[in-house]
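Enquirer: Okay, so here is entry_24.txt, and as you'll see once you scroll down, it has compact mmCIF, C-alpha atoms.
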# COMPACT_ATOMS: atom_id res chain seq x y z
CA MET A 141 2.65 -50.40 -26.60
CA LYS A 142 3.31 -48.21 -29.61
CA ILE A 143 6.71 -46.60 -29.58
CA LYS A 144 8.59 -45.05 -32.48
CA GLU A 145 12.11 -46.24 -33.22
CA THR A 146 13.42 -42.68 -32.80
CA THR A 147 11.85 -42.52 -29.33
CA LEU A 148 13.37 -45.86 -28.43
CA ARG A 149 16.82 -44.77 -29.59
CA ASN A 150 16.56 -41.50 -27.64
CA LEU A 151 15.48 -43.42 -24.57
CA VAL A 152 18.45 -45.76 -24.85
CA ARG A 153 20.77 -42.73 -24.98
CA ASN A 154 18.99 -41.32 -21.92
CA ILE A 155 19.48 -44.63 -20.15
CA GLY A 156 23.17 -44.39 -20.99
CA GLU A 157 23.33 -40.91 -19.45
CA THR A 158 21.42 -41.88 -16.33
CA GLN A 159 23.23 -41.35 -13.04
CA ALA A 160 22.37 -42.90 -9.70
CA ASP A 161 22.17 -39.48 -8.08
CA GLU A 162 20.26 -36.87 -10.06
CA MET A 163 18.82 -33.54 -9.02
CA GLY A 164 15.08 -32.85 -9.42
CA CYS A 165 13.52 -29.81 -11.06
CA GLY A 166 12.84 -28.06 -7.75
CA ASP A 167 16.41 -28.27 -6.52
CA CYS A 168 17.70 -27.26 -9.95
CA ALA A 169 15.44 -24.20 -9.95
CA GLN A 170 16.82 -23.20 -6.55
CA GLU A 171 20.39 -23.35 -7.84
CA LEU A 172 19.77 -21.89 -11.28
CA ASP A 173 20.44 -18.20 -10.53
CA CYS A 174 23.74 -18.98 -8.84
CA TYR A 175 24.69 -21.43 -11.60
CA VAL A 176 24.01 -18.89 -14.34
CA GLU A 177 26.04 -16.20 -12.61
CA MET A 178 28.99 -18.57 -12.25
CA LEU A 179 28.74 -19.48 -15.90
CA ARG A 180 28.63 -15.83 -16.98
CA SER A 181 31.63 -14.96 -14.82
CA GLY A 182 33.73 -17.59 -16.57
CA GLU A 183 33.76 -20.20 -13.84
CA SER A 184 33.15 -23.85 -14.60
CA PRO A 185 29.82 -24.65 -13.00
CA ASP A 186 29.77 -28.10 -14.59
CA VAL A 187 32.66 -28.90 -12.29
CA ILE A 188 31.40 -27.00 -9.25
CA LYS A 189 27.73 -27.89 -9.75
CA PRO A 190 27.73 -31.09 -11.79
CA LEU A 191 24.26 -32.11 -10.61
CA VAL A 192 22.76 -28.90 -12.00
CA LYS A 193 24.65 -29.35 -15.27
CA HIS A 194 23.44 -32.92 -15.61
CA HIS A 195 19.84 -32.03 -14.79
CA LEU A 196 19.88 -29.30 -17.43
CA ASP A 197 21.14 -31.85 -19.95
CA MET A 198 18.30 -34.22 -19.09
CA CYS A 199 15.32 -31.88 -18.55
CA ASP A 200 14.01 -29.87 -21.51
CA ASN A 201 11.84 -27.54 -19.39
CA CYS A 202 14.62 -26.56 -17.03
CA HIS A 203 17.05 -26.19 -19.93
CA GLU A 204 14.62 -23.89 -21.70
CA GLU A 205 14.37 -21.66 -18.62
CA PHE A 206 18.14 -21.73 -18.17
CA THR A 207 18.67 -20.54 -21.75
CA ALA A 208 16.00 -17.86 -21.35
CA LEU A 209 17.60 -16.60 -18.14
CA LEU A 210 20.96 -16.28 -19.88
CA GLN A 211 19.33 -14.26 -22.65
CA ALA A 212 17.55 -12.04 -20.14
CA LEU A 213 20.70 -11.31 -18.15
CA ASP A 214 22.70 -10.58 -21.30
CA GLU A 215 20.09 -8.04 -22.32
CA ILE A 216 20.02 -6.38 -18.90
CA GLU A 217 23.81 -6.16 -18.76
CA GLN A 218 23.96 -4.57 -22.21
CA GLY A 219 21.43 -1.95 -21.16
CA ASP A 220 23.30 -0.93 -18.01
CA MET B 157 18.80 1.01 -11.60
CA ASP B 158 20.48 -2.30 -10.75
CA GLN B 159 23.01 -0.62 -8.49
CA ARG B 160 21.31 -1.60 -5.27
CA THR B 161 22.95 -4.25 -3.14
CA ASN B 162 21.01 -7.37 -2.26
CA ALA B 163 20.38 -5.97 1.20
CA GLU B 164 19.09 -2.72 -0.26
CA TRP B 165 16.70 -4.56 -2.57
CA MET B 166 15.44 -6.68 0.30
CA ASP B 167 14.96 -3.66 2.50
CA ALA B 168 13.22 -1.64 -0.22
CA LEU B 169 10.81 -4.44 -1.13
CA SER B 170 9.89 -5.38 2.43
CA GLU B 171 6.89 -3.71 4.03
CA PRO B 172 6.39 -0.84 3.61
CA VAL B 173 7.34 -1.39 -0.03
CA ASP B 174 9.38 1.35 -1.71
CA ASN B 175 7.42 2.04 -4.88
CA ALA B 176 10.46 3.42 -6.69
CA ALA B 177 12.33 0.16 -6.11
CA LEU B 178 9.29 -1.81 -7.22
CA ALA B 179 9.11 0.21 -10.44
CA ASP B 180 12.83 -0.31 -11.06
CA LEU B 181 12.52 -4.06 -10.56
CA ARG B 182 9.51 -4.18 -12.85
CA GLU B 183 11.49 -2.42 -15.59
CA ILE B 184 14.37 -4.89 -15.21
CA LEU B 185 12.00 -7.86 -15.43
CA VAL B 186 10.24 -6.45 -18.49
CA ARG B 187 13.57 -6.02 -20.31
CA GLY B 188 14.68 -9.50 -19.42
CA LEU B 189 11.36 -11.06 -20.38
CA ARG B 190 11.37 -9.26 -23.71
CA ALA B 191 14.83 -10.58 -24.55
CA SER B 192 13.89 -14.14 -23.65
CA LEU B 193 10.48 -14.18 -25.33
CA VAL B 194 10.98 -12.16 -28.50
CA GLY B 195 11.83 -15.17 -30.64
CA ARG B 196 9.32 -17.47 -29.01
CA VAL B 197 6.08 -15.50 -28.94
CA LYS B 198 4.51 -14.11 -32.09
CA ALA B 199 1.30 -12.36 -31.00
CA ASP B 200 0.56 -9.85 -28.25
CA LEU B 201 4.11 -9.85 -26.96
CA ASP B 202 3.85 -6.51 -25.14
CA ALA B 203 0.63 -7.44 -23.35
CA LEU B 204 2.01 -10.84 -22.39
CA ILE B 205 5.19 -9.34 -21.00
CA GLU B 206 3.21 -6.86 -18.91
CA ASP B 207 1.10 -9.69 -17.47
CA PHE B 208 4.10 -11.90 -16.77
CA ALA B 209 6.04 -9.06 -15.15
CA GLN B 210 3.11 -8.23 -12.90
CA ASP B 211 2.65 -11.86 -11.86
CA ALA B 212 6.38 -12.21 -11.30
CA LEU B 213 6.51 -9.11 -9.07
CA LEU B 214 3.78 -10.56 -6.87
CA ARG B 215 5.64 -13.88 -6.70
CA VAL B 216 8.88 -12.10 -5.79
CA LEU B 217 7.22 -10.10 -3.02
CA ASP B 218 5.51 -13.23 -1.68
CA ASN B 219 8.78 -15.15 -1.60
CA LEU B 220 11.26 -12.55 -0.36
CA GLU B 221 12.11 -14.64 2.69
CA SER B 222 13.26 -17.51 0.48
CA PHE B 223 15.98 -15.40 -1.21
CA ARG B 224 19.24 -16.92 0.01
CA GLY B 225 21.59 -14.21 -1.23
CA ASP B 226 24.00 -16.47 -3.11
CA ALA B 227 23.19 -14.70 -6.38
CA LYS B 228 22.29 -11.12 -7.23
CA PHE B 229 18.77 -10.24 -6.17
CA THR B 230 17.85 -9.21 -9.71
CA THR B 231 19.09 -12.56 -11.10
CA TRP B 232 16.92 -14.37 -8.58
CA ALA B 233 13.92 -12.20 -9.47
CA GLN B 234 14.53 -12.70 -13.19
CA LYS B 235 14.66 -16.45 -12.66
CA ILE B 236 11.21 -16.26 -11.09
CA ALA B 237 9.89 -14.13 -13.95
CA ILE B 238 11.19 -16.60 -16.53
CA ASN B 239 9.54 -19.47 -14.67
CA VAL B 240 6.24 -17.59 -14.47
CA ALA B 241 6.33 -16.80 -18.18
CA PHE B 242 7.40 -20.17 -19.50
CA SER B 243 5.04 -22.13 -17.27
CA GLU B 244 2.12 -20.06 -18.50
CA LEU B 245 3.16 -20.33 -22.15
CA ARG B 246 3.40 -24.11 -21.83
CA ARG B 247 0.00 -24.24 -20.15
CA ARG B 248 -1.62 -22.25 -22.95
CA ARG B 249 0.02 -24.23 -25.74
CA TRP B 250 -0.98 -27.65 -24.39
CA LYS B 251 -4.25 -26.83 -22.65
CA ASN B 252 -6.54 -28.81 -24.99
CA ILE B 253 -4.32 -31.84 -25.47
CA SER B 254 -4.80 -34.98 -23.42
CA LEU B 255 -2.19 -37.54 -22.44
CA GLN B 256 -3.92 -40.13 -24.61
CA ASP B 257 -3.72 -37.82 -27.63
CA ILE B 258 -0.03 -37.37 -27.13
CA VAL B 259 1.15 -40.93 -26.52
CA GLU B 260 -0.56 -42.49 -29.52
CA THR B 261 1.70 -43.28 -32.44
CA PRO B 262 0.38 -43.05 -36.00
CA GLU B 263 -0.12 -46.51 -37.46
CA GLY B 264 2.96 -47.83 -39.18
CA GLU B 265 5.50 -45.76 -37.26
CA GLU B 266 5.79 -47.97 -34.22
CA TYR B 267 8.89 -49.99 -33.53
CA THR B 268 8.62 -53.71 -34.16
CA PRO B 269 11.10 -55.83 -32.23
CA LYS B 270 12.94 -58.36 -34.36
CA VAL B 271 12.91 -60.97 -31.63
CA LEU B 272 9.39 -61.54 -30.39
CA THR B 273 10.03 -64.70 -28.42
CA ASP B 274 12.48 -65.94 -25.84
CA PRO B 275 12.69 -62.60 -24.03
CA ASP B 276 14.81 -64.05 -21.24
CA ALA B 277 17.63 -65.09 -23.54
CA SER B 278 20.75 -62.97 -23.35
CA PRO B 279 22.53 -62.12 -26.59
CA GLU B 280 25.71 -64.01 -27.27
CA GLY B 281 28.94 -62.27 -28.26
CA ASP B 282 29.02 -58.57 -29.17
CA VAL B 283 25.66 -56.95 -28.66
CA THR B 284 24.25 -55.09 -31.64
CA ILE B 285 22.19 -51.92 -31.58
CA GLN B 286 19.24 -53.92 -32.82
CA GLU B 287 19.54 -56.28 -29.88
CA VAL B 288 19.75 -53.39 -27.42
CA LEU B 289 16.63 -51.81 -28.93
CA ASP B 290 14.78 -55.13 -28.71
CA ILE B 291 15.80 -55.64 -25.10
CA VAL B 292 14.84 -52.11 -24.07
CA TYR B 293 11.52 -52.46 -25.86
CA TYR B 294 10.85 -55.63 -23.91
CA LEU B 295 12.01 -54.08 -20.63
CA ILE B 296 9.73 -51.06 -21.07
CA GLU B 297 6.77 -53.42 -21.30
CA THR B 298 7.77 -55.72 -18.49
CA GLU B 299 9.78 -53.67 -15.99
CA LEU B 300 8.07 -50.29 -15.93
CA THR B 301 4.81 -49.33 -14.30
CA GLU B 302 1.97 -47.99 -16.40
CA LYS B 303 2.63 -44.53 -14.96
CA GLN B 304 6.30 -44.69 -15.91
CA ARG B 305 5.49 -45.81 -19.47
CA THR B 306 2.91 -43.08 -19.89
CA ALA B 307 5.25 -40.40 -18.56
CA ILE B 308 8.15 -41.46 -20.77
CA LEU B 309 6.02 -41.70 -23.90
CA ALA B 310 4.31 -38.38 -23.25
CA VAL B 311 7.59 -36.54 -22.72
CA MET B 312 9.89 -38.32 -25.16
CA GLN B 313 7.49 -39.27 -27.92
CA GLY B 314 4.79 -36.65 -27.62
CA GLY B 315 7.09 -33.77 -26.73
CA MET B 316 4.76 -32.65 -23.97
CA PRO B 317 6.53 -30.55 -21.30
CA GLN B 318 7.06 -32.39 -18.03
CA GLU B 319 5.11 -29.69 -16.22
CA GLU B 320 2.04 -30.42 -18.37
CA VAL B 321 2.40 -34.19 -18.10
CA ALA B 322 2.70 -33.82 -14.33
CA GLU B 323 -0.51 -31.82 -14.10
CA ARG B 324 -2.42 -34.46 -16.08
CA MET B 325 -1.03 -37.18 -13.83
CA ASP B 326 -2.01 -35.28 -10.67
CA THR B 327 1.57 -34.75 -9.58
CA ASN B 328 4.22 -32.04 -9.91
CA ARG B 329 7.23 -31.49 -12.17
CA ASN B 330 9.70 -32.57 -9.50
CA ALA B 331 7.89 -35.81 -8.75
CA LEU B 332 7.47 -36.57 -12.44
CA TYR B 333 11.20 -36.13 -12.99
CA LYS B 334 11.82 -38.60 -10.18
CA LEU B 335 9.31 -41.05 -11.68
CA ILE B 336 11.16 -40.96 -15.00
CA HIS B 337 14.55 -41.08 -13.30
CA ASP B 338 13.52 -44.20 -11.40
CA ALA B 339 12.36 -45.72 -14.69
CA ARG B 340 15.66 -44.91 -16.42
CA ARG B 341 17.62 -46.40 -13.52
CA ARG B 342 15.52 -49.55 -13.61
CA LEU B 343 16.02 -49.90 -17.35
CA ALA B 344 19.77 -49.26 -17.04
CA GLN B 345 20.09 -51.89 -14.33
CA ARG B 346 18.10 -54.52 -16.20
CA LEU B 347 19.84 -53.72 -19.49
CA GLU B 348 23.20 -54.26 -17.83
CA GLU B 349 22.01 -57.62 -16.49
CA ARG B 350 20.57 -58.74 -19.81
CA ALA B 351 23.09 -57.38 -22.31
CA HIS B 352 26.10 -57.08 -19.99
CA LEU B 353 26.52 -53.45 -21.02
CA SER B 354 27.34 -50.62 -18.65
CA THR B 355 25.72 -47.24 -19.28
CA ASP B 356 29.02 -45.99 -20.74
CA GLU B 357 29.11 -48.94 -23.14
CA VAL B 358 25.52 -48.27 -24.18
CA LEU B 359 26.42 -44.67 -24.99
CA ALA B 360 29.54 -45.74 -26.89
CA LEU B 361 27.55 -48.23 -28.94
CA PHE B 362 25.03 -45.60 -30.01
CA ASP B 363 27.58 -42.82 -30.43
CA ASN B 364 29.35 -44.85 -33.08
CA VAL B 365 26.28 -44.95 -35.35
Once more with this new file: its structure as structure tokens, please.

Expert:
Amino acid sequence: MKIKETTLRNLVRNIGETQADEMGCGDCAQELDCYVEMLRSGESPDVIKPLVKHHLDMCDNCHEEFTALLQALDEIEQGD
Amino acid sequence: MDQRTNAEWMDALSEPVDNAALADLREILVRGLRASLVGRVKADLDALIEDFAQDALLRVLDNLESFRGDAKFTTWAQKIAINVAFSELRRRRWKNISLQDIVETPEGEEYTPKVLTDPDASPEGDVTIQEVLDIVYYLIETELTEKQRTAILAVMQGGMPQEEVAERMDTNRNALYKLIHDARRRLAQRLEERAHLSTDEVLALFDNV
């Protein structure tokens, strides 16, 4: 096995952040619109939806789409 | 334009589809897509956005019955449009790259464990970062399946999106996440047994570097 030290260190951090109960990408995608609206209205979704928050911290693809959705909604709100 | 209630959107987009509502939704999706893609896509942005918006509209119409109503309809539709766009961009970017290409490490950059023998020995006293790295290296080789190792290396070392790794492993993004999650849990459990470190203690050890 060939693994870089940086990869190994990142993996150890990921191991440290691992929870017994984690949400998958599909469930996260289902919750994402609601989560983003809560975030934009000033609520604390990391408290109300901690599984979504944790998944977004662990999954680059879902986090990328989350960030993009925030940008899109900001733009739409500004144009209204 | 976005003044319709969720019920009004649902009604307007159900058969027979209200073309004015469809045009309004398309305009909203185009604006949102432009804002989210403008810094990420360099060439043919307008054409791409048009294609993504069209595909997203079809997906929205096909999935109207799955809208639960716990967010605004336009937020739900925009979420779908973002997913359509980013999935396609990932597919295009990685289309000619194999898993084998991505998991190989250039010679000389691979990690070399300091302790190559006596893998069952537990460290004595305070565990060092070096010892944790050695143990995890050993656990990756001995405790994970070939699929788990490949998935972790492809995502974490190669930077390949999980969606793309999943396709090459004949699975889906959700199942791949679970595969990696199971691997992380296994490693966490075995690391705790070997090094007597909880996940919080592992994080604390590496946060102090």

Enquirer: Please list as a PyMOL selection string every residue within 12 Å of Ala307 of chain B, counting only C-alpha atoms and excluding residues in the same chain fewer than 2 positions away.

Expert: chain B and resi 255-256+258-259+296+300-305+309-327+329+331-340

Enquirer: As a PDB file with C-alpha atoms, keeping the file's coordinate frame, please: the residues near segment 206-208 of chain B (cut-off 8 Å, only C-alpha atoms, same-chain neighbours under 6 positions excluded).

Expert:
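Output saved as around_38.pdb:
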ATOM      1  CA  VAL B 186      10.240  -6.450 -18.490  1.00  0.00           C
ATOM      2  CA  ALA B 237       9.890 -14.130 -13.950  1.00  0.00           C
ATOM      3  CA  VAL B 240       6.240 -17.590 -14.470  1.00  0.00           C
ATOM      4  CA  ALA B 241       6.330 -16.800 -18.180  1.00  0.00           C
TER       5      ALA B 241
END

Enquirer: Starting from chain B, keep only residues with some atom at most 8 Å from an atom of chain A, counting all atoms listed in the file, and report them as a PyMOL selection string.

Expert: chain B and resi 158+184+187-193+226-227+231-232+234-235+238-239+242+260-261+265-267+289+292-293+297+309+312-313+317-319+329-331+333-334+337+340-341+343-344+354-359+362

Enquirer: Separation of atom CA of Leu204 of chain B and atom CA of Ala233 of chain B, in Å?

Expert: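 Separation between atom CA of Leu204 of chain B and atom CA of Ala233 of chain B: 17.6 Å.
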
Enquirer: Could you tell me how far atom CA of His203 of chain A sits from atom CA of Arg246 of chain B, in Å to one decimal place?

Expert: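 If I compute the distance from atom CA of Arg246 of chain B to atom CA of His203 of chain A, I get 13.9 Å.
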
Enquirer: Quick one: distance from atom CA of Arg160 of chain B to atom CA of Ile205 of chain B in Å, one decimal?

Expert: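 About the pair atom CA of Arg160 of chain B and atom CA of Ile205 of chain B: they are 23.8 Å apart.
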
Enquirer: Measuring between all atoms listed in the file, which one of B:Thr306, B:Ser254, B:Gln286, B:Gln159 shows the shortest distance to Asp180 of chain B?

Expert: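 With all atoms listed in the file as the atom set, the closest residue is B:Gln159.
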
Enquirer: Residues within 12 Å of Asn219 of chain B, please, as a list in words. Count only C-alpha atoms; anything in the same chain fewer than 3 positions from it doesn't count.

Expert: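 My reading of the contact set: Met166, Leu169, Ser170, Ala212, Leu213, Leu214, Arg215, Val216, Ser222, Phe223, Arg224, Trp232, Ala233 and Ile236 of chain B.
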
Enquirer: Would you save the residues of that selection, restricted to C-alpha atoms, as a tab-separated table (two decimals), in the coordinates of the input?

Expert:
chain	number	residue	atom	x	y	z
B	166	MET	CA	15.44	-6.68	0.30
B	169	LEU	CA	10.81	-4.44	-1.13
B	170	SER	CA	9.89	-5.38	2.43
B	212	ALA	CA	6.38	-12.21	-11.30
B	213	LEU	CA	6.51	-9.11	-9.07
B	214	LEU	CA	3.78	-10.56	-6.87
B	215	ARG	CA	5.64	-13.88	-6.70
B	216	VAL	CA	8.88	-12.10	-5.79
B	222	SER	CA	13.26	-17.51	0.48
B	223	PHE	CA	15.98	-15.40	-1.21
B	224	ARG	CA	19.24	-16.92	0.01
B	232	TRP	CA	16.92	-14.37	-8.58
B	233	ALA	CA	13.92	-12.20	-9.47
B	236	ILE	CA	11.21	-16.26	-11.09
